[in-house]
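Participant: Next up, final_18.pdb (PDB, C-alpha atoms, pLDDT in the B column).
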ATOM      1  CA  MET A   1      93.749-113.606 185.794  1.00 55.00           C
ATOM      2  CA  THR A   2      93.667-115.791 188.923  1.00 67.00           C
ATOM      3  CA  GLY A   3      90.245-116.998 187.864  1.00 64.00           C
ATOM      4  CA  LEU A   4      89.344-117.620 191.466  1.00 80.00           C
ATOM      5  CA  GLY A   5      86.344-115.371 191.814  1.00 90.00           C
ATOM      6  CA  TYR A   6      84.358-116.374 188.767  1.00 96.00           C
ATOM      7  CA  THR A   7      85.947-119.100 186.619  1.00 95.00           C
ATOM      8  CA  VAL A   8      86.324-121.624 189.443  1.00 95.00           C
ATOM      9  CA  PRO A   9      82.828-121.194 190.969  1.00 96.00           C
ATOM     10  CA  ALA A  10      81.301-121.313 187.471  1.00 97.00           C
ATOM     11  CA  VAL A  11      82.979-124.667 186.739  1.00 97.00           C
ATOM     12  CA  ILE A  12      82.022-125.979 190.189  1.00 97.00           C
ATOM     13  CA  SER A  13      78.385-124.980 189.619  1.00 98.00           C
ATOM     14  CA  VAL A  14      78.239-127.099 186.441  1.00 98.00           C
ATOM     15  CA  ILE A  15      79.742-130.101 188.246  1.00 98.00           C
ATOM     16  CA  ALA A  16      77.360-129.591 191.190  1.00 98.00           C
ATOM     17  CA  VAL A  17      74.304-129.525 188.916  1.00 98.00           C
ATOM     18  CA  CYS A  18      75.461-132.716 187.142  1.00 98.00           C
ATOM     19  CA  VAL A  19      76.014-134.459 190.478  1.00 98.00           C
ATOM     20  CA  LEU A  20      72.607-133.259 191.680  1.00 98.00           C
ATOM     21  CA  GLU A  21      70.925-134.919 188.704  1.00 98.00           C
ATOM     22  CA  LEU A  22      73.034-138.063 188.378  1.00 98.00           C
ATOM     23  CA  ALA A  23      73.341-138.919 192.084  1.00 98.00           C
ATOM     24  CA  VAL A  24      70.332-137.344 193.775  1.00 97.00           C
ATOM     25  CA  LEU A  25      67.354-136.354 191.634  1.00 97.00           C
ATOM     26  CA  ARG A  26      67.684-138.781 188.677  1.00 97.00           C
ATOM     27  CA  THR A  27      64.874-137.096 186.742  1.00 96.00           C
ATOM     28  CA  GLY A  28      66.206-138.281 183.367  1.00 97.00           C
ATOM     29  CA  LEU A  29      66.194-134.697 182.068  1.00 98.00           C
ATOM     30  CA  PHE A  30      69.541-135.130 180.275  1.00 98.00           C
ATOM     31  CA  ARG A  31      68.055-137.947 178.178  1.00 98.00           C
ATOM     32  CA  LYS A  32      65.189-135.804 176.912  1.00 97.00           C
ATOM     33  CA  PRO A  33      65.562-134.239 173.451  1.00 97.00           C
ATOM     34  CA  ALA A  34      63.205-131.441 174.607  1.00 98.00           C
ATOM     35  CA  TYR A  35      65.804-130.382 177.184  1.00 98.00           C
ATOM     36  CA  TRP A  36      68.700-130.147 174.716  1.00 98.00           C
ATOM     37  CA  ILE A  37      66.585-128.362 172.092  1.00 98.00           C
ATOM     38  CA  SER A  38      65.459-125.902 174.776  1.00 98.00           C
ATOM     39  CA  MET A  39      69.035-125.263 175.869  1.00 98.00           C
ATOM     40  CA  VAL A  40      70.107-124.469 172.308  1.00 98.00           C
ATOM     41  CA  ILE A  41      67.267-121.918 172.083  1.00 98.00           C
ATOM     42  CA  VAL A  42      68.151-120.512 175.525  1.00 98.00           C
ATOM     43  CA  LEU A  43      71.794-120.239 174.432  1.00 98.00           C
ATOM     44  CA  GLY A  44      70.790-118.255 171.354  1.00 98.00           C
ATOM     45  CA  PHE A  45      68.828-115.761 173.423  1.00 97.00           C
ATOM     46  CA  GLN A  46      71.518-115.655 176.097  1.00 97.00           C
ATOM     47  CA  VAL A  47      73.999-114.378 173.503  1.00 98.00           C
ATOM     48  CA  LEU A  48      71.612-111.500 172.700  1.00 97.00           C
ATOM     49  CA  VAL A  49      70.717-110.562 176.292  1.00 97.00           C
ATOM     50  CA  ASP A  50      74.128-111.234 177.810  1.00 97.00           C
ATOM     51  CA  GLY A  51      75.829-109.573 174.874  1.00 97.00           C
ATOM     52  CA  TRP A  52      73.875-106.418 175.673  1.00 97.00           C
ATOM     53  CA  LEU A  53      74.663-106.649 179.422  1.00 97.00           C
ATOM     54  CA  THR A  54      78.405-107.117 178.957  1.00 97.00           C
ATOM     55  CA  LYS A  55      79.264-105.092 175.838  1.00 97.00           C
ATOM     56  CA  LEU A  56      82.433-103.183 176.655  1.00 97.00           C
ATOM     57  CA  SER A  57      81.304-100.072 174.792  1.00 97.00           C
ATOM     58  CA  ALA A  58      78.499 -99.489 177.335  1.00 97.00           C
ATOM     59  CA  PRO A  59      78.545-102.289 179.923  1.00 97.00           C
ATOM     60  CA  ILE A  60      75.727-102.818 182.401  1.00 97.00           C
ATOM     61  CA  VAL A  61      77.703-105.472 184.294  1.00 96.00           C
ATOM     62  CA  LEU A  62      81.427-104.907 184.832  1.00 97.00           C
ATOM     63  CA  TYR A  63      83.770-107.781 185.668  1.00 96.00           C
ATOM     64  CA  ASN A  64      86.986-107.630 187.613  1.00 95.00           C
ATOM     65  CA  GLU A  65      89.318-109.209 185.034  1.00 92.00           C
ATOM     66  CA  LYS A  66      91.451-110.548 187.894  1.00 92.00           C
ATOM     67  CA  HIS A  67      88.700-113.045 188.609  1.00 94.00           C
ATOM     68  CA  THR A  68      87.894-114.222 185.083  1.00 93.00           C
ATOM     69  CA  SER A  69      89.772-116.172 182.429  1.00 92.00           C
ATOM     70  CA  GLY A  70      89.778-113.016 180.340  1.00 90.00           C
ATOM     71  CA  ILE A  71      88.237-114.921 177.423  1.00 93.00           C
ATOM     72  CA  ARG A  72      85.231-113.052 176.065  1.00 94.00           C
ATOM     73  CA  PHE A  73      83.245-114.711 173.277  1.00 95.00           C
ATOM     74  CA  PRO A  74      81.069-114.026 171.363  1.00 94.00           C
ATOM     75  CA  TRP A  75      81.216-110.232 171.428  1.00 95.00           C
ATOM     76  CA  ASP A  76      82.353-109.239 174.929  1.00 97.00           C
ATOM     77  CA  ILE A  77      80.594-111.984 176.906  1.00 97.00           C
ATOM     78  CA  PRO A  78      82.895-113.591 179.518  1.00 97.00           C
ATOM     79  CA  VAL A  79      82.782-117.319 178.694  1.00 96.00           C
ATOM     80  CA  GLU A  80      82.111-118.026 182.371  1.00 96.00           C
ATOM     81  CA  ASP A  81      78.630-116.546 181.882  1.00 97.00           C
ATOM     82  CA  PHE A  82      77.665-119.564 179.756  1.00 98.00           C
ATOM     83  CA  LEU A  83      78.510-121.978 182.572  1.00 98.00           C
ATOM     84  CA  PHE A  84      76.655-119.755 185.060  1.00 97.00           C
ATOM     85  CA  GLY A  85      73.596-119.561 182.796  1.00 98.00           C
ATOM     86  CA  TRP A  86      73.607-123.283 182.078  1.00 98.00           C
ATOM     87  CA  SER A  87      73.694-124.103 185.804  1.00 98.00           C
ATOM     88  CA  LEU A  88      70.933-121.616 186.639  1.00 98.00           C
ATOM     89  CA  VAL A  89      68.477-122.782 183.981  1.00 98.00           C
ATOM     90  CA  THR A  90      69.297-126.497 184.263  1.00 98.00           C
ATOM     91  CA  ALA A  91      68.948-126.501 188.066  1.00 98.00           C
ATOM     92  CA  VAL A  92      65.483-124.954 187.835  1.00 98.00           C
ATOM     93  CA  LEU A  93      64.423-127.417 185.120  1.00 98.00           C
ATOM     94  CA  LEU A  94      65.667-130.321 187.263  1.00 98.00           C
ATOM     95  CA  LEU A  95      63.497-129.245 190.210  1.00 98.00           C
ATOM     96  CA  TRP A  96      60.602-128.667 187.796  1.00 98.00           C
ATOM     97  CA  GLU A  97      60.995-132.182 186.378  1.00 97.00           C
ATOM     98  CA  ARG A  98      61.380-133.788 189.778  1.00 96.00           C
ATOM     99  CA  GLN A  99      57.844-132.743 190.614  1.00 94.00           C
ATOM    100  CA  ARG A 100      56.586-134.483 187.496  1.00 84.00           C
ATOM    101  CA  VAL A 101      58.327-137.697 188.541  1.00 58.00           C
ATOM    102  CA  ARG A 102      56.674-137.422 191.946  1.00 57.00           C
ATOM    103  CA  SER A 103      53.175-136.738 190.689  1.00 53.00           C
TER
ATOM    104  CA  MET B   1      66.127 -93.235 180.018  1.00 85.00           C
ATOM    105  CA  ASP B   2      69.509 -94.983 180.292  1.00 93.00           C
ATOM    106  CA  LYS B   3      68.973 -95.925 183.919  1.00 95.00           C
ATOM    107  CA  TRP B   4      66.040 -98.152 182.955  1.00 97.00           C
ATOM    108  CA  GLN B   5      68.117-100.226 180.503  1.00 96.00           C
ATOM    109  CA  TYR B   6      68.636-103.286 182.698  1.00 97.00           C
ATOM    110  CA  LEU B   7      65.013-103.231 183.911  1.00 97.00           C
ATOM    111  CA  LEU B   8      63.639-102.831 180.373  1.00 97.00           C
ATOM    112  CA  LEU B   9      65.825-105.687 179.140  1.00 97.00           C
ATOM    113  CA  LEU B  10      64.334-107.993 181.788  1.00 98.00           C
ATOM    114  CA  GLY B  11      60.810-106.735 181.055  1.00 98.00           C
ATOM    115  CA  GLY B  12      61.398-107.477 177.369  1.00 98.00           C
ATOM    116  CA  CYS B  13      62.452-111.040 178.211  1.00 98.00           C
ATOM    117  CA  LEU B  14      59.233-111.599 180.196  1.00 98.00           C
ATOM    118  CA  LEU B  15      57.065-110.053 177.497  1.00 98.00           C
ATOM    119  CA  ILE B  16      58.596-111.990 174.598  1.00 97.00           C
ATOM    120  CA  THR B  17      58.296-115.342 176.403  1.00 98.00           C
ATOM    121  CA  LEU B  18      54.772-114.711 177.762  1.00 98.00           C
ATOM    122  CA  PRO B  19      52.932-116.166 174.701  1.00 98.00           C
ATOM    123  CA  LEU B  20      54.769-119.485 175.259  1.00 98.00           C
ATOM    124  CA  GLU B  21      52.516-119.962 178.292  1.00 98.00           C
ATOM    125  CA  PHE B  22      49.586-120.652 175.966  1.00 97.00           C
ATOM    126  CA  PHE B  23      51.125-123.923 174.769  1.00 96.00           C
ATOM    127  CA  GLY B  24      51.050-127.209 176.659  1.00 95.00           C
ATOM    128  CA  ALA B  25      50.501-127.250 180.410  1.00 95.00           C
ATOM    129  CA  GLY B  26      52.220-123.903 180.920  1.00 97.00           C
ATOM    130  CA  ILE B  27      54.237-122.830 183.934  1.00 97.00           C
ATOM    131  CA  TYR B  28      52.362-119.824 185.348  1.00 98.00           C
ATOM    132  CA  ARG B  29      49.286-122.083 185.507  1.00 97.00           C
ATOM    133  CA  GLN B  30      51.167-124.360 187.919  1.00 97.00           C
ATOM    134  CA  PRO B  31      52.197-121.768 190.521  1.00 97.00           C
ATOM    135  CA  ARG B  32      53.054-124.189 193.333  1.00 96.00           C
ATOM    136  CA  ARG B  33      55.255-126.341 191.122  1.00 97.00           C
ATOM    137  CA  LEU B  34      56.808-123.179 189.688  1.00 98.00           C
ATOM    138  CA  LEU B  35      57.708-121.778 193.110  1.00 98.00           C
ATOM    139  CA  ARG B  36      59.092-125.108 194.299  1.00 97.00           C
ATOM    140  CA  ALA B  37      61.403-125.249 191.295  1.00 98.00           C
ATOM    141  CA  LEU B  38      62.359-121.583 191.392  1.00 98.00           C
ATOM    142  CA  LEU B  39      62.864-120.680 195.057  1.00 98.00           C
ATOM    143  CA  PRO B  40      65.668-123.085 196.075  1.00 98.00           C
ATOM    144  CA  VAL B  41      67.726-122.317 192.958  1.00 98.00           C
ATOM    145  CA  VAL B  42      67.150-118.561 193.124  1.00 98.00           C
ATOM    146  CA  SER B  43      68.230-118.592 196.791  1.00 98.00           C
ATOM    147  CA  VAL B  44      71.521-120.342 196.034  1.00 98.00           C
ATOM    148  CA  PHE B  45      72.307-118.055 193.099  1.00 98.00           C
ATOM    149  CA  LEU B  46      71.441-114.912 195.080  1.00 98.00           C
ATOM    150  CA  ILE B  47      73.923-115.973 197.756  1.00 97.00           C
ATOM    151  CA  TRP B  48      76.569-116.634 195.092  1.00 96.00           C
ATOM    152  CA  ASP B  49      75.813-113.237 193.542  1.00 97.00           C
ATOM    153  CA  ALA B  50      75.976-111.404 196.881  1.00 97.00           C
ATOM    154  CA  VAL B  51      79.339-113.023 197.714  1.00 96.00           C
ATOM    155  CA  ALA B  52      80.705-112.102 194.264  1.00 96.00           C
ATOM    156  CA  ILE B  53      79.569-108.499 194.724  1.00 96.00           C
ATOM    157  CA  VAL B  54      81.089-108.258 198.213  1.00 96.00           C
ATOM    158  CA  LEU B  55      84.381-109.717 196.900  1.00 94.00           C
ATOM    159  CA  LYS B  56      84.219-107.240 194.001  1.00 94.00           C
ATOM    160  CA  VAL B  57      84.197-109.942 191.311  1.00 96.00           C
ATOM    161  CA  TRP B  58      81.632-107.909 189.379  1.00 96.00           C
ATOM    162  CA  HIS B  59      79.648-104.720 189.818  1.00 95.00           C
ATOM    163  CA  TYR B  60      76.948-102.754 188.053  1.00 96.00           C
ATOM    164  CA  ASN B  61      77.187 -99.605 186.008  1.00 97.00           C
ATOM    165  CA  PRO B  62      75.163 -97.004 187.963  1.00 96.00           C
ATOM    166  CA  ARG B  63      74.323 -95.378 184.641  1.00 97.00           C
ATOM    167  CA  TYR B  64      72.147 -98.304 183.509  1.00 97.00           C
ATOM    168  CA  VAL B  65      70.361 -99.331 186.716  1.00 97.00           C
ATOM    169  CA  SER B  66      67.325 -97.721 188.331  1.00 97.00           C
ATOM    170  CA  GLY B  67      69.064 -96.959 191.609  1.00 96.00           C
ATOM    171  CA  ILE B  68      66.508 -99.062 193.501  1.00 97.00           C
ATOM    172  CA  ASN B  69      68.498-101.435 195.667  1.00 96.00           C
ATOM    173  CA  VAL B  70      67.768-104.644 197.558  1.00 97.00           C
ATOM    174  CA  PRO B  71      70.365-105.949 200.044  1.00 95.00           C
ATOM    175  CA  PHE B  72      73.774-106.379 198.334  1.00 96.00           C
ATOM    176  CA  MET B  73      72.565-105.651 194.787  1.00 97.00           C
ATOM    177  CA  PRO B  74      70.440-103.545 192.446  1.00 97.00           C
ATOM    178  CA  LEU B  75      66.803-104.612 192.199  1.00 98.00           C
ATOM    179  CA  GLU B  76      67.428-105.574 188.557  1.00 97.00           C
ATOM    180  CA  GLU B  77      70.059-108.138 189.501  1.00 97.00           C
ATOM    181  CA  MET B  78      67.675-109.869 191.906  1.00 97.00           C
ATOM    182  CA  LEU B  79      64.956-109.921 189.235  1.00 98.00           C
ATOM    183  CA  PHE B  80      67.453-111.401 186.754  1.00 97.00           C
ATOM    184  CA  PHE B  81      67.500-114.625 188.780  1.00 98.00           C
ATOM    185  CA  ILE B  82      63.730-114.918 188.520  1.00 98.00           C
ATOM    186  CA  VAL B  83      63.243-113.736 184.927  1.00 98.00           C
ATOM    187  CA  ILE B  84      65.934-115.866 183.244  1.00 98.00           C
ATOM    188  CA  PRO B  85      64.772-119.194 184.755  1.00 98.00           C
ATOM    189  CA  LEU B  86      61.168-118.296 183.828  1.00 98.00           C
ATOM    190  CA  CYS B  87      62.261-117.798 180.210  1.00 98.00           C
ATOM    191  CA  GLY B  88      64.119-121.132 180.286  1.00 98.00           C
ATOM    192  CA  MET B  89      61.123-122.961 181.742  1.00 98.00           C
ATOM    193  CA  LEU B  90      58.730-121.442 179.215  1.00 98.00           C
ATOM    194  CA  THR B  91      61.074-122.505 176.423  1.00 98.00           C
ATOM    195  CA  TYR B  92      61.157-126.046 177.803  1.00 98.00           C
ATOM    196  CA  ASN B  93      57.361-125.959 178.156  1.00 98.00           C
ATOM    197  CA  VAL B  94      56.815-125.027 174.519  1.00 98.00           C
ATOM    198  CA  VAL B  95      59.462-127.431 173.159  1.00 98.00           C
ATOM    199  CA  THR B  96      57.970-130.306 175.198  1.00 97.00           C
ATOM    200  CA  ALA B  97      54.474-129.418 173.953  1.00 97.00           C
ATOM    201  CA  SER B  98      55.677-129.176 170.353  1.00 96.00           C
ATOM    202  CA  LEU B  99      57.490-132.512 170.416  1.00 96.00           C
ATOM    203  CA  GLY B 100      54.399-134.146 171.961  1.00 93.00           C
ATOM    204  CA  TRP B 101      52.145-132.634 169.334  1.00 93.00           C
ATOM    205  CA  TRP B 102      54.487-133.631 166.522  1.00 93.00           C
ATOM    206  CA  GLY B 103      54.773-137.172 167.884  1.00 92.00           C
ATOM    207  CA  ARG B 104      50.997-137.566 168.091  1.00 93.00           C
ATOM    208  CA  LEU B 105      50.581-136.214 164.563  1.00 93.00           C
ATOM    209  CA  ARG B 106      53.128-138.690 163.216  1.00 92.00           C
ATOM    210  CA  ASN B 107      51.486-141.564 165.108  1.00 91.00           C
ATOM    211  CA  ARG B 108      48.095-140.724 163.667  1.00 90.00           C
ATOM    212  CA  ARG B 109      49.531-140.534 160.151  1.00 88.00           C
ATOM    213  CA  ASP B 110      51.267-143.904 160.557  1.00 87.00           C
ATOM    214  CA  ARG B 111      48.062-145.475 161.824  1.00 84.00           C
ATOM    215  CA  THR B 112      45.942-144.202 158.936  1.00 81.00           C
ATOM    216  CA  ARG B 113      48.566-145.540 156.514  1.00 74.00           C
ATOM    217  CA  LEU B 114      48.155-149.023 158.034  1.00 64.00           C
TER
END
I need this file expressed as structure tokens, please.
Facilitator:
Amino acid sequence: MTGLGYTVPAVISVIAVCVLELAVLRTGLFRKPAYWISMVIVLGFQVLVDGWLTKLSAPIVLYNEKHTSGIRFPWDIPVEDFLFGWSLVTAVLLLWERQRVRS
Amino acid sequence: MDKWQYLLLLGGCLLITLPLEFFGAGIYRQPRRLLRALLPVVSVFLIWDAVAIVLKVWHYNPRYVSGINVPFMPLEEMLFFIVIPLCGMLTYNVVTASLGWWGRLRNRRDRTRL
């Protein structure tokens, strides 16, 4: 329950991605309705895929509970996974958008 | 069959999102832009993942992975970092195309009303 190994890096990744956009890239992605609609859809599918990966009855990925908050929702998904997933997808979309701004 | 679970899950994600490529400008049709968006982020997340595995923050159930390994992790885990962003980008591609299409349709309707 120290939260060091997963919770803290997951939170830092979200902050880092926000700083990347607001201070460096400034693509304007966060102002686009298409981005937020996409993220809601991605979230819906993440629950299905991640739910399958983390289900405690037959887990594919196993977490050391020492390094997580211990909060699993919905189903058995560690909440940290949602921060991790948000950072991963948003970071890629930011770099994708940056190339539109350039061109 | 169990050991293909993770790989099949990722394959399913790619297959389900593939038709989204046919809308708008697509992402697979812009391979250079795709790689430039993907590679830096995938690199950072692979390092994060490798560190987490070494520090035993998480590990993989040998029952549900193919047994094919790349450095530090199962092949499936490496592919995860490519497949999931692709799905996200294809979603964004189709939502952007849909909003553009809907906006143009509404514009045209407004103009004909005037």
Participant: When you draw a straight line from atom CA of A:Gly85 to atom CA of B:Asn61, how long is it in Å?
Facilitator: 20.5 Å
Participant: Find the residues in chain B near chain A: any atom within 7 Å counts, using all atoms listed in the file. Write them as a VMD selection string.
Facilitator: chain B and resid 33 to 34 37 to 38 41 52 56 to 61 64 85 88 to 89 91 to 92 95 to 96
Participant: At a cut-off of 12 Å from (67.8, -93.9, 189.8) in the coordinates of the file, what residues are picked up using all atoms listed in the file, written as a ChimeraX atom specification?
Facilitator: /B:1-7,61-69,74-76
Participant: So that I can check the surroundings of B:Leu15, please list as a list in words every protein, DNA and RNA residue that reaches within 12 Å of it, counting all atoms listed in the file and ignoring chain neighbours fewer than 6 positions away.
Facilitator: Leu8, Leu9, Glu21, Val83, Leu86, Cys87 and Leu90 of chain B
Participant: Could you check how far atom CA of A:Ala16 sits from atom CA of B:Cys13, in Å to one decimal?
Facilitator: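 Separation of atom CA of A:Ala16 and atom CA of B:Cys13: 27.1 Å.
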Participant: Counting only C-alpha atoms, which of B:Leu20, B:Leu14, B:Leu46, B:Ala97 gets nearest to B:Glu77?
Facilitator: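 That would be B:Leu46, the residue with the smallest distance to B:Glu77.
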Participant: Would you compute the distance between atom CA of A:Cys18 and atom CA of B:Ile82? Give it in Å to one decimal.
Facilitator: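 These atoms are spaced 21.4 Å apart.
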Participant: Can you work out which one of A:Val19, A:Ile77, A:Val11, A:Val40 has the shortest atom-to-atom distance to A:Leu56, counting all atoms listed in the file?
Facilitator: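 Nearest to A:Leu56: A:Ile77.
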